[in-house]
Amino acid sequence: MLYPPHDCLVGSSLPSKFCPDTIYMILKDLTPNNLRIFWESKNFKGHTDMEESWYQNEFSVEKITDAILQKWINASPNDEPHLPVPNLFVPTDLAIKEVQQTKYPFLLRKTSFSRLWYKPDALFCTLKAFVKIDFSCPKSRHSSDAEAVTDIFTRLLMDYLNDYAYDAQVA
């Protein structure tokens, strides 16, 4: 048995003791000079020179050249591992505020460009937000070129906002 009975459902997910020295010791050894790559592909069929004895899988073993290793070392983005920048979406005040009970969302703010609705979760007291942005672009449907350009713009905007939205989603 890997875990005591009371931890059998969460055993593999339980945090272990944080030991930064061990983490840095392992990270220090993760270098291009201390590397083994396993690369599987059907494209290698006929380009291998060995065969595994149990299942007759074909394979090759090649040494990574010093020139390739040096190229990887030179392309390395930085010398030291580091923590990511702080997530601005992680709250600092986790106190639960008293909120009025309401069955339906109510309008908090309305402008000529937006509406902000609010409905507290009184049952589970969870914080969540759903953001929907609709752009009204009447000329985007005038031609196939306009539709294509609008679609490209929308995809680029979503891609651009993805990094920003990731921090919010994680928080």
# chains A, B, ... in the order shown; residues from 1 in each chain; ligands from 1
$ residues_around --residues "Ser60 in chain A" --least-positions-apart "3" --cutoff "8 Å" --atoms "only C-alpha atoms" --output "PyMOL selection string"
chain A and resi 48-50
$ residues_around --residues "Asp134 in chain A" --least-positions-apart "3" --cutoff "12 Å" --atoms "only C-alpha atoms" --output "PDB file with N, CA, C and O atoms, in the first residue's frame"
ATOM      1  N   PHE A 113     -21.710  51.841 -23.432  1.00  0.00           N
ATOM      2  CA  PHE A 113     -20.925  50.759 -24.029  1.00  0.00           C
ATOM      3  C   PHE A 113     -21.007  49.441 -23.272  1.00  0.00           C
ATOM      4  O   PHE A 113     -20.594  48.404 -23.786  1.00  0.00           O
ATOM      5  N   SER A 114     -21.496  49.468 -22.039  1.00  0.00           N
ATOM      6  CA  SER A 114     -21.428  48.225 -21.257  1.00  0.00           C
ATOM      7  C   SER A 114     -22.524  48.139 -20.207  1.00  0.00           C
ATOM      8  O   SER A 114     -23.158  49.139 -19.863  1.00  0.00           O
ATOM      9  N   ARG A 115     -22.714  46.921 -19.752  1.00  0.00           N
ATOM     10  CA  ARG A 115     -23.603  46.657 -18.616  1.00  0.00           C
ATOM     11  C   ARG A 115     -22.884  45.689 -17.682  1.00  0.00           C
ATOM     12  O   ARG A 115     -22.272  44.715 -18.124  1.00  0.00           O
ATOM     13  N   VAL A 131     -17.272  36.837 -18.271  1.00  0.00           N
ATOM     14  CA  VAL A 131     -17.142  38.048 -19.061  1.00  0.00           C
ATOM     15  C   VAL A 131     -17.449  37.704 -20.509  1.00  0.00           C
ATOM     16  O   VAL A 131     -16.863  36.782 -21.076  1.00  0.00           O
ATOM     17  N   CYS A 137     -19.939  45.350 -35.237  1.00  0.00           N
ATOM     18  CA  CYS A 137     -19.206  45.915 -36.366  1.00  0.00           C
ATOM     19  C   CYS A 137     -20.059  45.753 -37.619  1.00  0.00           C
ATOM     20  O   CYS A 137     -19.935  44.758 -38.333  1.00  0.00           O
ATOM     21  N   THR A 154     -10.409  38.982 -34.874  1.00  0.00           N
ATOM     22  CA  THR A 154     -10.960  38.346 -33.673  1.00  0.00           C
ATOM     23  C   THR A 154     -10.015  37.278 -33.147  1.00  0.00           C
ATOM     24  O   THR A 154      -9.766  37.186 -31.950  1.00  0.00           O
TER      25      THR A 154
END
$ residues_around --residues "range 116-127 of chain A" --least-positions-apart "4" --cutoff "6 Å" --atoms "only C-alpha atoms" --output "PyMOL selection string"
chain A and resi 105-109
$ write_last_selection --atoms "N, CA, C and O atoms" --output "compact mmCIF listing (two decimals), in the first residue's frame"
# COMPACT_ATOMS: atom_id res chain seq x y z
N PRO A 105 -29.80 38.01 -11.01
CA PRO A 105 -28.76 39.04 -11.13
C PRO A 105 -29.39 40.43 -11.22
O PRO A 105 -30.48 40.58 -11.75
N PHE A 106 -28.69 41.40 -10.68
CA PHE A 106 -29.18 42.77 -10.81
C PHE A 106 -28.10 43.65 -11.43
O PHE A 106 -26.91 43.37 -11.34
N LEU A 107 -28.56 44.71 -12.08
CA LEU A 107 -27.67 45.60 -12.82
C LEU A 107 -26.94 46.52 -11.86
O LEU A 107 -27.56 47.29 -11.12
N LEU A 108 -25.61 46.43 -11.83
CA LEU A 108 -24.81 47.31 -10.98
C LEU A 108 -24.44 48.60 -11.68
O LEU A 108 -24.40 49.66 -11.07
N ARG A 109 -24.14 48.48 -12.98
CA ARG A 109 -23.66 49.65 -13.70
C ARG A 109 -24.03 49.52 -15.17
O ARG A 109 -23.94 48.45 -15.74
$ residues_around --residues "range 88-90 of chain A" --least-positions-apart "4" --cutoff "7 Å" --atoms "only C-alpha atoms" --output "PyMOL selection string"
chain A and resi 167-168+171
$ atom_distance --atom1 "CA of Glu58 in chain A" --atom2 "CA of Lys45 in chain A"
7.8 Å
$ select_by_dssp --residues "range 93-135 of chain A" --states "strand (DSSP E or B)" --output "PyMOL selection string"
chain A and resi 106-110+115-118
$ closest_atom_pairs --of "range 44-120 of chain A" --to "range 14-35 of chain A" --cutoff "10 Å" --atoms "only C-alpha atoms" --output "JSON lines"
{"residue": "A:Ile64", "atom": "CA", "partner": "A:Leu35", "partner_atom": "CA", "distance": 9.0}
{"residue": "A:Asp66", "atom": "CA", "partner": "A:Asn33", "partner_atom": "CA", "distance": 9.0}
{"residue": "A:Ile68", "atom": "CA", "partner": "A:Pro32", "partner_atom": "CA", "distance": 9.4}
{"residue": "A:Leu69", "atom": "CA", "partner": "A:Pro32", "partner_atom": "CA", "distance": 6.1}
{"residue": "A:Gln70", "atom": "CA", "partner": "A:Pro32", "partner_atom": "CA", "distance": 8.5}
{"residue": "A:Lys71", "atom": "CA", "partner": "A:Pro32", "partner_atom": "CA", "distance": 9.7}
{"residue": "A:Trp72", "atom": "CA", "partner": "A:Pro32", "partner_atom": "CA", "distance": 6.9}
{"residue": "A:Ile73", "atom": "CA", "partner": "A:Pro32", "partner_atom": "CA", "distance": 6.7}
{"residue": "A:Ser76", "atom": "CA", "partner": "A:Pro32", "partner_atom": "CA", "distance": 9.6}
{"residue": "A:Asp79", "atom": "CA", "partner": "A:Lys28", "partner_atom": "CA", "distance": 9.9}
{"residue": "A:Glu80", "atom": "CA", "partner": "A:Lys28", "partner_atom": "CA", "distance": 8.7}
{"residue": "A:Pro81", "atom": "CA", "partner": "A:Leu27", "partner_atom": "CA", "distance": 7.9}
$ select_by_dssp --residues "chain A" --states "helix (DSSP H, G or I)" --output "PyMOL selection string"
chain A and resi 5-7+11-13+20-29+42-44+66-74+138-141+144-170
$ atom_distance --atom1 "CA of Phe38 in chain A" --atom2 "CA of Ala75 in chain A"
20.9 Å
$ decode --residues "range 62-95 of chain A" --atoms "N, CA and C atoms" --output "PDB file, in the first residue's frame"
ATOM      1  N   GLU A  62      21.995   7.455 -30.917  1.00  0.00           N
ATOM      2  CA  GLU A  62      22.962   8.381 -31.497  1.00  0.00           C
ATOM      3  C   GLU A  62      23.459   9.331 -30.427  1.00  0.00           C
ATOM      4  N   LYS A  63      24.730   9.659 -30.489  1.00  0.00           N
ATOM      5  CA  LYS A  63      25.296  10.649 -29.578  1.00  0.00           C
ATOM      6  C   LYS A  63      24.967  12.035 -30.120  1.00  0.00           C
ATOM      7  N   ILE A  64      24.588  12.923 -29.239  1.00  0.00           N
ATOM      8  CA  ILE A  64      24.322  14.301 -29.638  1.00  0.00           C
ATOM      9  C   ILE A  64      25.675  14.981 -29.827  1.00  0.00           C
ATOM     10  N   THR A  65      25.874  15.561 -30.972  1.00  0.00           N
ATOM     11  CA  THR A  65      27.178  16.148 -31.284  1.00  0.00           C
ATOM     12  C   THR A  65      27.457  17.359 -30.399  1.00  0.00           C
ATOM     13  N   ASP A  66      28.738  17.638 -30.203  1.00  0.00           N
ATOM     14  CA  ASP A  66      29.144  18.799 -29.410  1.00  0.00           C
ATOM     15  C   ASP A  66      28.640  20.100 -30.038  1.00  0.00           C
ATOM     16  N   ALA A  67      28.588  20.141 -31.378  1.00  0.00           N
ATOM     17  CA  ALA A  67      28.109  21.351 -32.064  1.00  0.00           C
ATOM     18  C   ALA A  67      26.631  21.600 -31.737  1.00  0.00           C
ATOM     19  N   ILE A  68      25.815  20.531 -31.738  1.00  0.00           N
ATOM     20  CA  ILE A  68      24.394  20.677 -31.404  1.00  0.00           C
ATOM     21  C   ILE A  68      24.244  21.083 -29.938  1.00  0.00           C
ATOM     22  N   LEU A  69      25.008  20.441 -29.042  1.00  0.00           N
ATOM     23  CA  LEU A  69      24.945  20.809 -27.618  1.00  0.00           C
ATOM     24  C   LEU A  69      25.293  22.283 -27.421  1.00  0.00           C
ATOM     25  N   GLN A  70      26.336  22.742 -28.085  1.00  0.00           N
ATOM     26  CA  GLN A  70      26.739  24.144 -27.943  1.00  0.00           C
ATOM     27  C   GLN A  70      25.662  25.068 -28.475  1.00  0.00           C
ATOM     28  N   LYS A  71      25.018  24.663 -29.559  1.00  0.00           N
ATOM     29  CA  LYS A  71      23.928  25.466 -30.128  1.00  0.00           C
ATOM     30  C   LYS A  71      22.784  25.580 -29.123  1.00  0.00           C
ATOM     31  N   TRP A  72      22.448  24.473 -28.448  1.00  0.00           N
ATOM     32  CA  TRP A  72      21.379  24.503 -27.441  1.00  0.00           C
ATOM     33  C   TRP A  72      21.773  25.370 -26.253  1.00  0.00           C
ATOM     34  N   ILE A  73      23.018  25.256 -25.822  1.00  0.00           N
ATOM     35  CA  ILE A  73      23.482  26.050 -24.674  1.00  0.00           C
ATOM     36  C   ILE A  73      23.430  27.537 -25.019  1.00  0.00           C
ATOM     37  N   ASN A  74      23.868  27.896 -26.229  1.00  0.00           N
ATOM     38  CA  ASN A  74      23.845  29.306 -26.649  1.00  0.00           C
ATOM     39  C   ASN A  74      22.433  29.844 -26.790  1.00  0.00           C
ATOM     40  N   ALA A  75      21.487  28.973 -27.104  1.00  0.00           N
ATOM     41  CA  ALA A  75      20.097  29.400 -27.284  1.00  0.00           C
ATOM     42  C   ALA A  75      19.333  29.444 -25.964  1.00  0.00           C
ATOM     43  N   SER A  76      19.961  29.041 -24.890  1.00  0.00           N
ATOM     44  CA  SER A  76      19.292  29.008 -23.588  1.00  0.00           C
ATOM     45  C   SER A  76      18.829  30.399 -23.200  1.00  0.00           C
ATOM     46  N   PRO A  77      17.551  30.553 -22.786  1.00  0.00           N
ATOM     47  CA  PRO A  77      17.018  31.894 -22.508  1.00  0.00           C
ATOM     48  C   PRO A  77      17.618  32.553 -21.267  1.00  0.00           C
ATOM     49  N   ASN A  78      17.951  31.763 -20.258  1.00  0.00           N
ATOM     50  CA  ASN A  78      18.551  32.345 -19.056  1.00  0.00           C
ATOM     51  C   ASN A  78      19.307  31.263 -18.296  1.00  0.00           C
ATOM     52  N   ASP A  79      20.146  31.699 -17.365  1.00  0.00           N
ATOM     53  CA  ASP A  79      21.004  30.754 -16.654  1.00  0.00           C
ATOM     54  C   ASP A  79      20.341  30.146 -15.423  1.00  0.00           C
ATOM     55  N   GLU A  80      19.478  30.873 -14.784  1.00  0.00           N
ATOM     56  CA  GLU A  80      18.903  30.420 -13.525  1.00  0.00           C
ATOM     57  C   GLU A  80      17.389  30.276 -13.624  1.00  0.00           C
ATOM     58  N   PRO A  81      16.854  29.216 -13.041  1.00  0.00           N
ATOM     59  CA  PRO A  81      15.384  29.127 -12.987  1.00  0.00           C
ATOM     60  C   PRO A  81      14.847  30.202 -12.052  1.00  0.00           C
ATOM     61  N   HIS A  82      13.640  30.647 -12.317  1.00  0.00           N
ATOM     62  CA  HIS A  82      13.057  31.688 -11.481  1.00  0.00           C
ATOM     63  C   HIS A  82      11.552  31.470 -11.377  1.00  0.00           C
ATOM     64  N   LEU A  83      10.994  32.081 -10.368  1.00  0.00           N
ATOM     65  CA  LEU A  83       9.552  32.005 -10.178  1.00  0.00           C
ATOM     66  C   LEU A  83       8.865  32.976 -11.132  1.00  0.00           C
ATOM     67  N   PRO A  84       7.637  32.669 -11.528  1.00  0.00           N
ATOM     68  CA  PRO A  84       6.924  33.613 -12.390  1.00  0.00           C
ATOM     69  C   PRO A  84       6.604  34.896 -11.627  1.00  0.00           C
ATOM     70  N   VAL A  85       6.269  35.933 -12.374  1.00  0.00           N
ATOM     71  CA  VAL A  85       5.888  37.191 -11.735  1.00  0.00           C
ATOM     72  C   VAL A  85       4.601  36.961 -10.942  1.00  0.00           C
ATOM     73  N   PRO A  86       4.371  37.722  -9.892  1.00  0.00           N
ATOM     74  CA  PRO A  86       3.160  37.526  -9.094  1.00  0.00           C
ATOM     75  C   PRO A  86       1.897  37.682  -9.938  1.00  0.00           C
ATOM     76  N   ASN A  87       0.914  36.866  -9.648  1.00  0.00           N
ATOM     77  CA  ASN A  87      -0.368  36.900 -10.354  1.00  0.00           C
ATOM     78  C   ASN A  87      -1.225  38.004  -9.732  1.00  0.00           C
ATOM     79  N   LEU A  88      -1.504  39.034 -10.514  1.00  0.00           N
ATOM     80  CA  LEU A  88      -2.253  40.183 -10.008  1.00  0.00           C
ATOM     81  C   LEU A  88      -3.709  39.855  -9.707  1.00  0.00           C
ATOM     82  N   PHE A  89      -4.185  38.703 -10.194  1.00  0.00           N
ATOM     83  CA  PHE A  89      -5.579  38.334  -9.984  1.00  0.00           C
ATOM     84  C   PHE A  89      -5.804  37.551  -8.689  1.00  0.00           C
ATOM     85  N   VAL A  90      -4.737  37.138  -8.022  1.00  0.00           N
ATOM     86  CA  VAL A  90      -4.892  36.415  -6.761  1.00  0.00           C
ATOM     87  C   VAL A  90      -5.296  37.424  -5.691  1.00  0.00           C
ATOM     88  N   PRO A  91      -6.414  37.199  -5.033  1.00  0.00           N
ATOM     89  CA  PRO A  91      -6.875  38.183  -4.046  1.00  0.00           C
ATOM     90  C   PRO A  91      -5.996  38.191  -2.801  1.00  0.00           C
ATOM     91  N   THR A  92      -5.926  39.342  -2.171  1.00  0.00           N
ATOM     92  CA  THR A  92      -5.179  39.450  -0.918  1.00  0.00           C
ATOM     93  C   THR A  92      -6.131  39.442   0.276  1.00  0.00           C
ATOM     94  N   ASP A  93      -7.366  39.846   0.068  1.00  0.00           N
ATOM     95  CA  ASP A  93      -8.373  39.840   1.128  1.00  0.00           C
ATOM     96  C   ASP A  93      -9.378  38.725   0.833  1.00  0.00           C
ATOM     97  N   LEU A  94      -9.328  37.666   1.620  1.00  0.00           N
ATOM     98  CA  LEU A  94     -10.199  36.517   1.396  1.00  0.00           C
ATOM     99  C   LEU A  94     -11.408  36.492   2.338  1.00  0.00           C
ATOM    100  N   ALA A  95     -11.631  37.597   3.024  1.00  0.00           N
ATOM    101  CA  ALA A  95     -12.770  37.668   3.932  1.00  0.00           C
ATOM    102  C   ALA A  95     -14.073  37.636   3.133  1.00  0.00           C
TER     103      ALA A  95
END
